>>> print(open('entry-v7.cif').read())   # mmCIF, C-alpha atoms and all ligand atoms
data_upload
loop_
_atom_site.label_atom_id
_atom_site.label_comp_id
_atom_site.auth_asym_id
_atom_site.auth_seq_id
_atom_site.Cartn_x
_atom_site.Cartn_y
_atom_site.Cartn_z
CA MET A 438 0.00 0.00 0.00
CA THR A 439 1.43 3.40 -0.84
CA GLY A 440 0.41 6.68 0.75
CA GLU A 441 1.41 10.19 -0.15
CA ARG A 442 3.65 10.78 2.88
CA TRP A 443 7.39 10.37 2.66
CA ALA A 444 10.33 12.11 4.36
CA LEU A 445 14.08 12.21 4.10
CA ALA A 446 17.06 13.69 5.96
CA LEU A 447 20.76 13.26 5.31
CA ARG A 448 23.83 14.69 6.93
CA GLY A 449 27.54 15.02 7.24
CA GLY A 450 29.16 15.81 10.58
CA ALA A 451 28.27 18.18 13.38
CA GLY A 452 31.75 19.61 13.83
CA VAL A 453 31.31 22.63 11.58
CA GLU A 454 33.01 25.87 12.46
CA LYS A 455 31.59 29.33 11.94
CA GLY A 456 33.33 31.25 9.21
CA ARG A 457 34.28 28.22 7.13
CA ASP A 458 32.93 27.61 3.66
CA TYR A 459 31.07 24.32 3.37
CA GLY A 460 29.92 25.06 -0.17
CA ARG A 461 31.08 21.83 -1.76
CA ALA A 462 29.62 19.58 0.93
CA GLU A 463 26.35 21.53 0.78
CA ALA A 464 26.25 21.28 -3.01
CA LEU A 465 26.60 17.52 -2.76
CA LEU A 466 23.88 17.28 -0.10
CA GLU A 467 21.67 19.48 -2.25
CA GLY A 468 22.00 17.18 -5.24
CA LEU A 469 21.46 14.11 -3.08
CA VAL A 470 18.39 15.38 -1.26
CA LEU A 471 16.78 16.07 -4.63
CA MET A 472 17.77 12.63 -5.89
CA GLY A 473 16.32 11.05 -2.73
CA THR A 474 13.16 13.11 -3.16
CA ASP A 475 12.67 11.79 -6.69
CA ARG A 476 13.21 8.22 -5.57
CA LEU A 477 10.86 8.36 -2.59
CA LYS A 478 8.19 10.12 -4.63
CA ARG A 479 8.26 7.35 -7.20
CA GLY A 480 7.85 4.74 -4.46
CA ASP A 481 11.38 3.44 -3.84
CA LEU A 482 12.07 1.72 -0.54
CA ALA A 483 13.49 3.78 2.32
CA LEU A 484 16.23 1.19 2.84
CA ASP A 485 17.42 1.46 -0.78
CA VAL A 486 17.38 5.25 -0.64
CA VAL A 487 19.36 5.60 2.61
CA GLU A 488 21.93 3.09 1.36
CA ALA A 489 22.37 4.90 -1.97
CA LEU A 490 22.65 8.36 -0.39
CA THR A 491 25.11 7.20 2.26
CA SER A 492 27.21 5.42 -0.32
CA ALA A 493 27.32 8.57 -2.49
CA MET A 494 28.52 10.59 0.50
CA GLU A 495 31.18 7.95 1.26
CA ASP A 496 32.40 8.18 -2.30
CA SER A 497 32.55 11.98 -2.45
CA GLY A 498 35.62 12.44 -0.27
CA LEU A 499 33.92 15.47 1.28
CA PHE A 500 33.24 13.87 4.66
CA VAL A 501 35.10 11.72 7.18
CA ALA A 502 33.70 8.54 5.64
CA GLY A 503 34.66 6.31 2.73
CA ARG A 504 37.17 8.12 0.55
CA GLY A 505 37.50 11.04 2.99
CA SER A 506 38.22 8.92 6.06
CA ALA A 507 40.52 9.95 8.90
CA PRO A 508 43.69 7.92 9.52
CA ASN A 509 44.18 6.31 12.90
CA ARG A 510 47.33 6.53 15.01
CA LEU A 511 49.17 4.26 12.58
CA GLY A 512 48.08 6.38 9.63
CA ARG A 513 45.67 3.66 8.51
CA VAL A 514 42.03 4.09 7.65
CA GLU A 515 39.41 1.75 9.14
CA LEU A 516 35.79 2.07 8.08
CA ASP A 517 32.63 1.54 10.16
CA ALA A 518 29.05 1.52 8.89
CA SER A 519 25.61 0.22 9.75
CA LEU A 520 22.08 0.26 8.45
CA MET A 521 18.70 -0.85 9.74
CA CYS A 522 15.30 -1.58 8.25
CA GLY A 523 12.46 -0.39 10.49
CA ARG A 524 9.88 -2.69 8.94
CA SER A 525 11.74 -5.97 9.52
CA ARG A 526 14.07 -4.74 12.31
CA ARG A 527 16.84 -6.39 10.36
CA ALA A 528 20.23 -4.75 10.60
CA GLY A 529 23.74 -5.09 9.23
CA ALA A 530 27.04 -3.51 10.12
CA VAL A 531 30.79 -3.63 9.55
CA ALA A 532 33.61 -2.26 11.68
CA SER A 533 37.32 -1.70 11.09
CA LEU A 534 36.84 -2.67 7.45
CA ARG A 535 39.78 -1.92 5.16
CA GLY A 536 40.07 -2.13 1.41
CA TYR A 537 36.50 -1.53 0.25
CA PRO A 538 35.04 1.77 -0.92
CA SER A 539 31.53 1.59 0.50
CA PRO A 540 31.20 0.03 3.95
CA VAL A 541 27.47 0.78 4.02
CA ARG A 542 26.96 -1.44 0.97
CA VAL A 543 28.86 -4.25 2.67
CA ALA A 544 26.72 -3.70 5.81
CA ARG A 545 23.58 -4.16 3.71
CA ARG A 546 24.87 -7.51 2.46
CA VAL A 547 25.75 -8.57 6.01
CA MET A 548 22.13 -7.89 6.84
CA GLU A 549 20.77 -9.76 3.84
CA LYS A 550 23.12 -12.67 3.48
CA THR A 551 24.26 -13.65 6.96
CA PRO A 552 22.56 -14.54 10.24
CA HIS A 553 24.78 -11.90 11.89
CA VAL A 554 24.49 -8.18 12.51
CA LEU A 555 28.13 -7.06 12.75
CA LEU A 556 31.30 -8.28 11.05
CA VAL A 557 34.68 -6.74 11.88
CA GLY A 558 38.17 -6.35 10.44
CA GLN A 559 39.55 -9.24 8.41
CA GLY A 560 36.28 -11.17 8.70
CA ALA A 561 34.36 -8.26 7.22
CA ALA A 562 36.89 -7.90 4.39
CA GLU A 563 36.76 -11.64 3.62
CA PHE A 564 32.98 -11.53 3.59
CA ALA A 565 33.04 -8.54 1.19
CA LEU A 566 35.43 -10.33 -1.16
CA GLY A 567 33.41 -13.55 -1.02
CA ASP A 568 30.25 -11.61 -1.75
CA GLY A 569 31.69 -10.12 -4.92
CA PHE A 570 32.76 -6.63 -3.85
CA ASP A 571 35.85 -5.40 -5.68
CA PRO A 572 38.69 -4.59 -3.31
CA ILE A 573 40.66 -1.40 -3.89
CA GLY A 574 44.20 -2.40 -4.80
CA ASP A 575 45.90 0.55 -3.19
CA PHE A 576 43.60 1.44 -0.32
CA ALA A 577 46.09 3.81 1.31
CA SER A 578 46.16 6.10 -1.70
CA TRP A 579 42.46 5.70 -2.48
CA THR A 580 41.64 7.38 0.80
CA ARG A 581 43.30 10.72 1.24
CA ASP A 582 46.99 10.87 1.86
CA PRO A 583 47.29 11.15 5.66
CA ASP A 584 50.00 13.77 5.13
CA GLY A 585 47.38 15.97 3.52
CA PHE A 586 45.30 16.14 6.70
CA GLU A 587 45.33 19.05 9.03
CA PRO A 588 45.02 17.29 12.38
CA GLU A 589 43.41 20.30 14.03
CA ASP A 590 40.57 20.00 11.53
CA LEU A 591 39.95 16.43 12.48
CA THR A 592 40.68 16.02 16.15
CA ASP A 593 37.07 16.72 17.06
CA GLY A 594 36.18 13.84 14.73
CA HIS A 595 32.88 15.01 13.35
CA GLY A 596 32.47 13.93 9.79
CA THR A 597 30.36 10.83 9.77
CA VAL A 598 27.61 10.63 7.16
CA GLY A 599 24.11 9.26 7.45
CA ALA A 600 20.60 9.22 6.04
CA VAL A 601 17.13 8.43 7.35
CA ALA A 602 13.94 8.01 5.36
CA LEU A 603 10.25 7.17 5.46
CA ASP A 604 8.96 5.68 2.21
CA ARG A 605 5.44 5.80 0.78
CA GLY A 606 4.83 2.29 2.04
CA GLY A 607 5.19 3.66 5.58
CA HIS A 608 8.57 2.01 6.22
CA LEU A 609 11.49 3.65 7.94
CA ALA A 610 15.23 3.04 7.47
CA ALA A 611 18.50 4.51 8.71
CA ALA A 612 22.15 4.29 7.63
CA THR A 613 25.38 5.64 9.14
CA SER A 614 28.98 5.47 7.91
CA THR A 615 32.27 6.82 9.21
CA GLY A 616 35.97 6.76 8.63
CA GLY A 617 36.53 7.07 12.34
CA THR A 618 38.22 9.72 14.38
CA TYR A 619 41.63 11.13 13.61
CA GLY A 620 44.45 9.53 15.56
CA ALA A 621 42.33 6.82 17.22
CA LEU A 622 43.94 3.61 18.38
CA PRO A 623 43.89 0.88 15.73
CA GLY A 624 40.79 -1.26 16.20
CA ARG A 625 38.80 1.52 17.82
CA VAL A 626 35.11 1.23 16.89
CA GLY A 627 32.71 4.12 17.44
CA ASP A 628 28.94 4.37 17.51
CA SER A 629 28.54 4.37 13.72
CA ALA A 630 28.90 0.60 13.46
CA LEU A 631 26.73 -0.09 16.49
CA ILE A 632 23.03 -0.63 16.06
CA GLY A 633 21.25 1.25 18.84
CA ALA A 634 24.09 3.74 19.34
CA GLY A 635 24.75 5.48 15.99
CA CYS A 636 21.93 3.96 13.93
CA TRP A 637 18.39 2.75 14.61
CA ALA A 638 15.12 2.16 12.79
CA ASP A 639 11.86 0.60 13.96
CA GLY A 640 8.19 1.11 13.26
CA ASP A 641 8.16 4.57 14.85
CA VAL A 642 11.37 6.34 13.93
CA ALA A 643 14.69 6.13 12.04
CA VAL A 644 17.79 7.76 13.56
CA SER A 645 21.40 8.39 12.48
CA CYS A 646 23.91 10.01 14.84
CA THR A 647 27.22 11.83 14.53
CA GLY A 648 29.68 13.10 17.11
CA GLU A 649 31.98 11.70 19.75
CA GLY A 650 31.19 8.04 19.36
CA GLU A 651 32.17 6.97 22.85
CA ALA A 652 29.57 9.29 24.37
CA PHE A 653 26.89 8.17 21.90
CA ILE A 654 27.62 4.53 22.78
CA LYS A 655 27.36 5.23 26.50
CA ALA A 656 24.03 7.00 25.88
CA SER A 657 22.63 4.24 23.57
CA ALA A 658 21.71 7.37 21.68
CA ALA A 659 19.84 6.19 18.59
CA SER A 660 17.61 3.58 20.26
CA ASP A 661 17.08 5.83 23.29
CA LEU A 662 15.40 8.34 21.00
CA SER A 663 12.87 5.71 19.97
CA ALA A 664 12.36 4.58 23.57
CA ARG A 665 11.62 8.14 24.59
CA LEU A 666 8.84 8.37 21.99
CA ARG A 667 7.29 5.10 23.11
CA TYR A 668 7.78 5.02 26.86
CA ALA A 669 8.06 8.66 27.84
CA GLY A 670 5.55 10.01 25.32
CA GLN A 671 8.00 12.73 24.24
CA ASP A 672 7.56 14.32 20.84
CA LEU A 673 10.34 13.97 18.28
CA ARG A 674 12.00 17.30 19.07
CA ASP A 675 11.99 16.78 22.85
CA ALA A 676 13.25 13.22 22.44
CA ALA A 677 16.13 14.35 20.19
CA ASN A 678 17.10 17.15 22.58
CA SER A 679 16.94 14.80 25.58
CA VAL A 680 19.21 12.31 23.81
CA LEU A 681 21.76 15.02 23.05
CA GLU A 682 21.61 16.16 26.69
CA THR A 683 22.40 12.60 27.77
CA VAL A 684 25.24 12.49 25.25
CA SER A 685 26.73 15.66 26.67
CA ARG A 686 26.40 14.27 30.21
CA ARG A 687 28.40 11.29 28.93
CA GLY A 688 31.10 13.72 27.85
CA GLY A 689 30.45 14.24 24.14
CA ASP A 690 28.79 16.48 21.62
CA GLY A 691 27.39 16.03 18.13
CA GLY A 692 24.08 15.75 16.38
CA LEU A 693 21.48 13.45 14.90
CA ILE A 694 18.86 13.26 12.21
CA ALA A 695 15.57 11.41 12.61
CA VAL A 696 12.30 10.91 10.75
CA SER A 697 9.13 9.59 12.33
CA LYS A 698 6.40 7.36 10.95
CA SER A 699 4.24 10.47 10.53
CA ALA A 700 6.93 12.09 8.32
CA GLU A 701 8.22 14.55 10.89
CA ILE A 702 11.89 15.40 10.57
CA ILE A 703 14.35 16.54 13.22
CA MET A 704 17.95 17.58 12.61
CA ALA A 705 19.37 18.42 16.04
CA PHE A 706 22.88 19.23 17.24
CA ASN A 707 24.60 20.71 20.29
CA THR A 708 27.49 22.15 18.27
CA ASP A 709 27.66 25.21 15.99
CA GLY A 710 25.97 23.33 13.18
CA MET A 711 25.70 20.18 11.12
CA LYS A 712 25.97 19.72 7.36
CA ARG A 713 22.49 18.56 6.51
CA ALA A 714 19.57 18.48 4.11
CA SER A 715 15.96 17.38 4.31
CA ALA A 716 12.75 17.15 2.34
CA SER A 717 9.31 15.63 2.80
CA TRP A 718 5.96 15.29 1.08
CA ASN A 719 4.88 18.65 2.52
CA GLN A 720 8.23 20.48 2.95
CA PRO A 721 10.54 21.63 0.15
CA ALA A 722 14.10 20.33 0.00
CA ARG A 723 16.42 22.44 2.16
CA VAL A 724 20.10 22.41 2.94
CA GLY A 725 22.46 24.10 5.44
CA SER A 726 25.51 23.75 7.66
CA ILE A 727 26.00 26.45 10.23
CA GLY A 728 23.40 27.42 12.83
CA GLN A 729 19.68 26.77 12.42
CA GLN A 730 19.37 28.50 9.04
CA LEU A 731 18.52 26.35 6.00
CA ARG A 732 18.12 27.47 2.40
CA LEU A 733 15.95 26.00 -0.29
CA ALA A 734 17.67 23.41 -2.46
CA GLU A 735 17.81 24.19 -6.15
CA ARG A 736 17.76 21.78 -9.02
CA LEU A 737 21.19 22.42 -10.50
CA VAL A 738 23.69 20.04 -12.01
CA ILE A 739 26.30 19.84 -9.27
CA PRO A 740 29.90 19.02 -10.14
CA ILE A 741 31.25 16.81 -7.36
CA SER A 742 34.88 17.37 -6.53
CA PRO A 743 36.67 15.01 -4.15
CA GLN A 744 38.50 17.66 -2.18
CA PRO A 745 38.78 18.30 1.55
CA ASP A 746 35.98 20.55 2.72
CA TRP A 747 35.73 20.61 6.48
N1 LIG B 801 30.59 9.11 15.58
C1 LIG B 801 31.76 8.87 14.80
C2 LIG B 801 32.70 7.96 15.56
O1 LIG B 801 32.82 8.14 16.77
C3 LIG B 801 32.49 10.10 14.40
C4 LIG B 801 31.64 11.15 13.75
O2 LIG B 801 30.42 11.16 13.86
O3 LIG B 801 32.20 11.97 13.06
O4 LIG B 801 33.35 7.15 14.98
#
>>> encode(input="entry-v7.cif", output="structure tokens")
Amino acid sequence: MTGERWALALRGGAGVEKGRDYGRAEALLEGLVLMGTDRLKRGDLALDVVEALTSAMEDSGLFVAGRGSAPNRLGRVELDASLMCGRSRRAGAVASLRGYPSPVRVARRVMEKTPHVLLVGQGAAEFALGDGFDPIGDFASWTRDPDGFEPEDLTDGHGTVGAVALDRGGHLAAATSTGGTYGALPGRVGDSALIGAGCWADGDVAVSCTGEGEAFIKASAASDLSARLRYAGQDLRDAANSVLETVSRRGGDGGLIAVSKSAEIIMAFNTDGMKRASASWNQPARVGSIGQQLRLAERLVIPISPQPDW
């Protein structure tokens, strides 16, 4: 059964700084929110849309995910991603994956082709190879040259990408992907790979988080938002703000995006901003980075340039 309601939000990180130009990241989000709009309008599944949008952000090099990932203390990139289908409650995730361009696509296959939720490290890479993903021969130079990073830009580690959607069939889905935090210990896994912490979808809401992963894990941030709707009767905005208050009590900051089964959207952060875009059946597509201000998205052909932008 298809209704007329649909909703979509996507984001980069919540570590934006006033005075910086996030034009390229915004242009990418603008193009993607319009692409997602077209797909949801024509009846595509929320799960397919969030996977495609997250994968496009991974591939852009404009965020700390996929091609733009942050090297750990050994100068190596390890990728984490997860996604969840609200209708079936099925979920898939990978952590510390090396050698593959789109961890969110591997996470989807983990969900569909294994009895497991989370595969890590070598096991995740072997699964990806066995499932037909093409490894990147020279992974170190596919991701950005660690020497090209400005550590001060990355130490706050806010660059994760994510998307949440409600489709016209009434189903919710969420996806989150990160290239970790700059200078982390090898093997460190944040919230982005953990269902319930950085990613959640059920019959009520879909959530994708960004920020200091350790604090989001200790807050069970993404699933706590859903619990607050169900058990505390909070509305979406209050639930999102309460979750971020818990996150800051656990010692972190960041943001989240969520859509509800009634097509409400929240894009909340306790930082100076978050690169983000949204659209729904009754709200035009909008995009923004700093502060609460959003501008209307325009249908332009956007050239995508894989350059640092945060
Ligand atoms: N939450 C991510 C992590 O801790 C980082 C981020 O959102 O930028 O790995």
>>> atom_distance(input="entry-v7.cif", atom1="atom CA of A:Leu516", atom2="atom CA of A:Asp568")
17.7 Å
>>> closest_residue(input="entry-v7.cif", among="A:Val684, A:Leu465, A:Ala612, A:Leu631", to="A:Ala489", atoms="all atoms listed in the file")
A:Ala612
>>> closest_residue(input="entry-v7.cif", among="A:Leu482, A:Leu555, A:Ala565, A:Met472", to="A:Thr439", atoms="only C-alpha atoms")
A:Leu482
>>> residues_around(input="entry-v7.cif", residues="A:Glu454", least_positions_apart="5", cutoff="10 Å", atoms="all atoms listed in the file", output="list in words")
Tyr459, Asp590, Thr708, Asp709, Gly710, Met711, Ser726, Ile727, Gly728 and Trp747 of chain A
>>> residues_near_ligand(input="entry-v7.cif", ligand="ligand LIG 801 (chain B)", cutoff="8 Å", atoms="all atoms listed in the file", output="list in words")
Gly450, Ala451, Gly452, Val501, Asp517, Asp593, Gly594, His595, Gly596, Thr597, Val598, Thr615, Gly616, Gly617, Thr618, Val626, Gly627, Asp628, Ser629, Gly635, Cys646, Thr647, Gly648, Glu649, Gly650, Glu651, Phe653 and Gly691 of chain A
>>> residues_around(input="entry-v7.cif", residues="stretch 569-582 of chain A", least_positions_apart="4", cutoff="6 Å", atoms="all atoms listed in the file", output="NGL selection string")
:A and (504-505 or 536-537 or 565)
>>> closest_residue(input="entry-v7.cif", among="A:Val644, A:Ala507, A:Leu520, A:Leu733", to="A:Met704", atoms="only C-alpha atoms")
A:Val644
>>> atom_distance(input="entry-v7.cif", atom1="atom CA of A:Asp661", atom2="atom CA of A:Leu681")
10.3 Å
>>> atom_distance(input="entry-v7.cif", atom1="atom CA of A:Gly640", atom2="atom CA of A:Gly473")
20.5 Å
>>> closest_residue(input="entry-v7.cif", among="A:Arg736, A:Lys455, A:Arg524, A:Arg546", to="A:Ala602", atoms="only C-alpha atoms")
A:Arg524
>>> residues_around(input="entry-v7.cif", residues="A:Ser697", least_positions_apart="6", cutoff="12 Å", atoms="only C-alpha atoms", output="PyMOL selection string")
chain A and resi 442-446+523+601-604+607-611+637-644+662-663+666-667+672-674+676-677+703-704+717
>>> write_last_selection(input="entry-v7.cif", atoms="C-alpha atoms", output="PDB file, in the coordinates of the input")
ATOM      1  CA  ARG A 442       3.650  10.780   2.880  1.00  0.00           C
ATOM      2  CA  TRP A 443       7.390  10.370   2.660  1.00  0.00           C
ATOM      3  CA  ALA A 444      10.330  12.110   4.360  1.00  0.00           C
ATOM      4  CA  LEU A 445      14.080  12.210   4.100  1.00  0.00           C
ATOM      5  CA  ALA A 446      17.060  13.690   5.960  1.00  0.00           C
ATOM      6  CA  GLY A 523      12.460  -0.390  10.490  1.00  0.00           C
ATOM      7  CA  VAL A 601      17.130   8.430   7.350  1.00  0.00           C
ATOM      8  CA  ALA A 602      13.940   8.010   5.360  1.00  0.00           C
ATOM      9  CA  LEU A 603      10.250   7.170   5.460  1.00  0.00           C
ATOM     10  CA  ASP A 604       8.960   5.680   2.210  1.00  0.00           C
ATOM     11  CA  GLY A 607       5.190   3.660   5.580  1.00  0.00           C
ATOM     12  CA  HIS A 608       8.570   2.010   6.220  1.00  0.00           C
ATOM     13  CA  LEU A 609      11.490   3.650   7.940  1.00  0.00           C
ATOM     14  CA  ALA A 610      15.230   3.040   7.470  1.00  0.00           C
ATOM     15  CA  ALA A 611      18.500   4.510   8.710  1.00  0.00           C
ATOM     16  CA  TRP A 637      18.390   2.750  14.610  1.00  0.00           C
ATOM     17  CA  ALA A 638      15.120   2.160  12.790  1.00  0.00           C
ATOM     18  CA  ASP A 639      11.860   0.600  13.960  1.00  0.00           C
ATOM     19  CA  GLY A 640       8.190   1.110  13.260  1.00  0.00           C
ATOM     20  CA  ASP A 641       8.160   4.570  14.850  1.00  0.00           C
ATOM     21  CA  VAL A 642      11.370   6.340  13.930  1.00  0.00           C
ATOM     22  CA  ALA A 643      14.690   6.130  12.040  1.00  0.00           C
ATOM     23  CA  VAL A 644      17.790   7.760  13.560  1.00  0.00           C
ATOM     24  CA  LEU A 662      15.400   8.340  21.000  1.00  0.00           C
ATOM     25  CA  SER A 663      12.870   5.710  19.970  1.00  0.00           C
ATOM     26  CA  LEU A 666       8.840   8.370  21.990  1.00  0.00           C
ATOM     27  CA  ARG A 667       7.290   5.100  23.110  1.00  0.00           C
ATOM     28  CA  ASP A 672       7.560  14.320  20.840  1.00  0.00           C
ATOM     29  CA  LEU A 673      10.340  13.970  18.280  1.00  0.00           C
ATOM     30  CA  ARG A 674      12.000  17.300  19.070  1.00  0.00           C
ATOM     31  CA  ALA A 676      13.250  13.220  22.440  1.00  0.00           C
ATOM     32  CA  ALA A 677      16.130  14.350  20.190  1.00  0.00           C
ATOM     33  CA  ILE A 703      14.350  16.540  13.220  1.00  0.00           C
ATOM     34  CA  MET A 704      17.950  17.580  12.610  1.00  0.00           C
ATOM     35  CA  SER A 717       9.310  15.630   2.800  1.00  0.00           C
TER      36      SER A 717
END
>>> closest_residue(input="entry-v7.cif", among="A:Ser657, A:Ser614, A:Ser533, A:Ser679", to="A:Val557", atoms="all atoms listed in the file")
A:Ser533
>>> residues_around(input="entry-v7.cif", residues="A:Met548", least_positions_apart="4", cutoff="12 Å", atoms="all atoms listed in the file", output="PyMOL selection string")
chain A and resi 484+518-522+525-531+541-544+552-556+564+632
>>> residues_near_point(input="entry-v7.cif", point="(11.5, 18.7, 2.8)", cutoff="10 Å", atoms="only C-alpha atoms", output="PyMOL selection string")
chain A and resi 443-446+470-471+474+700-702+714-724+733-734
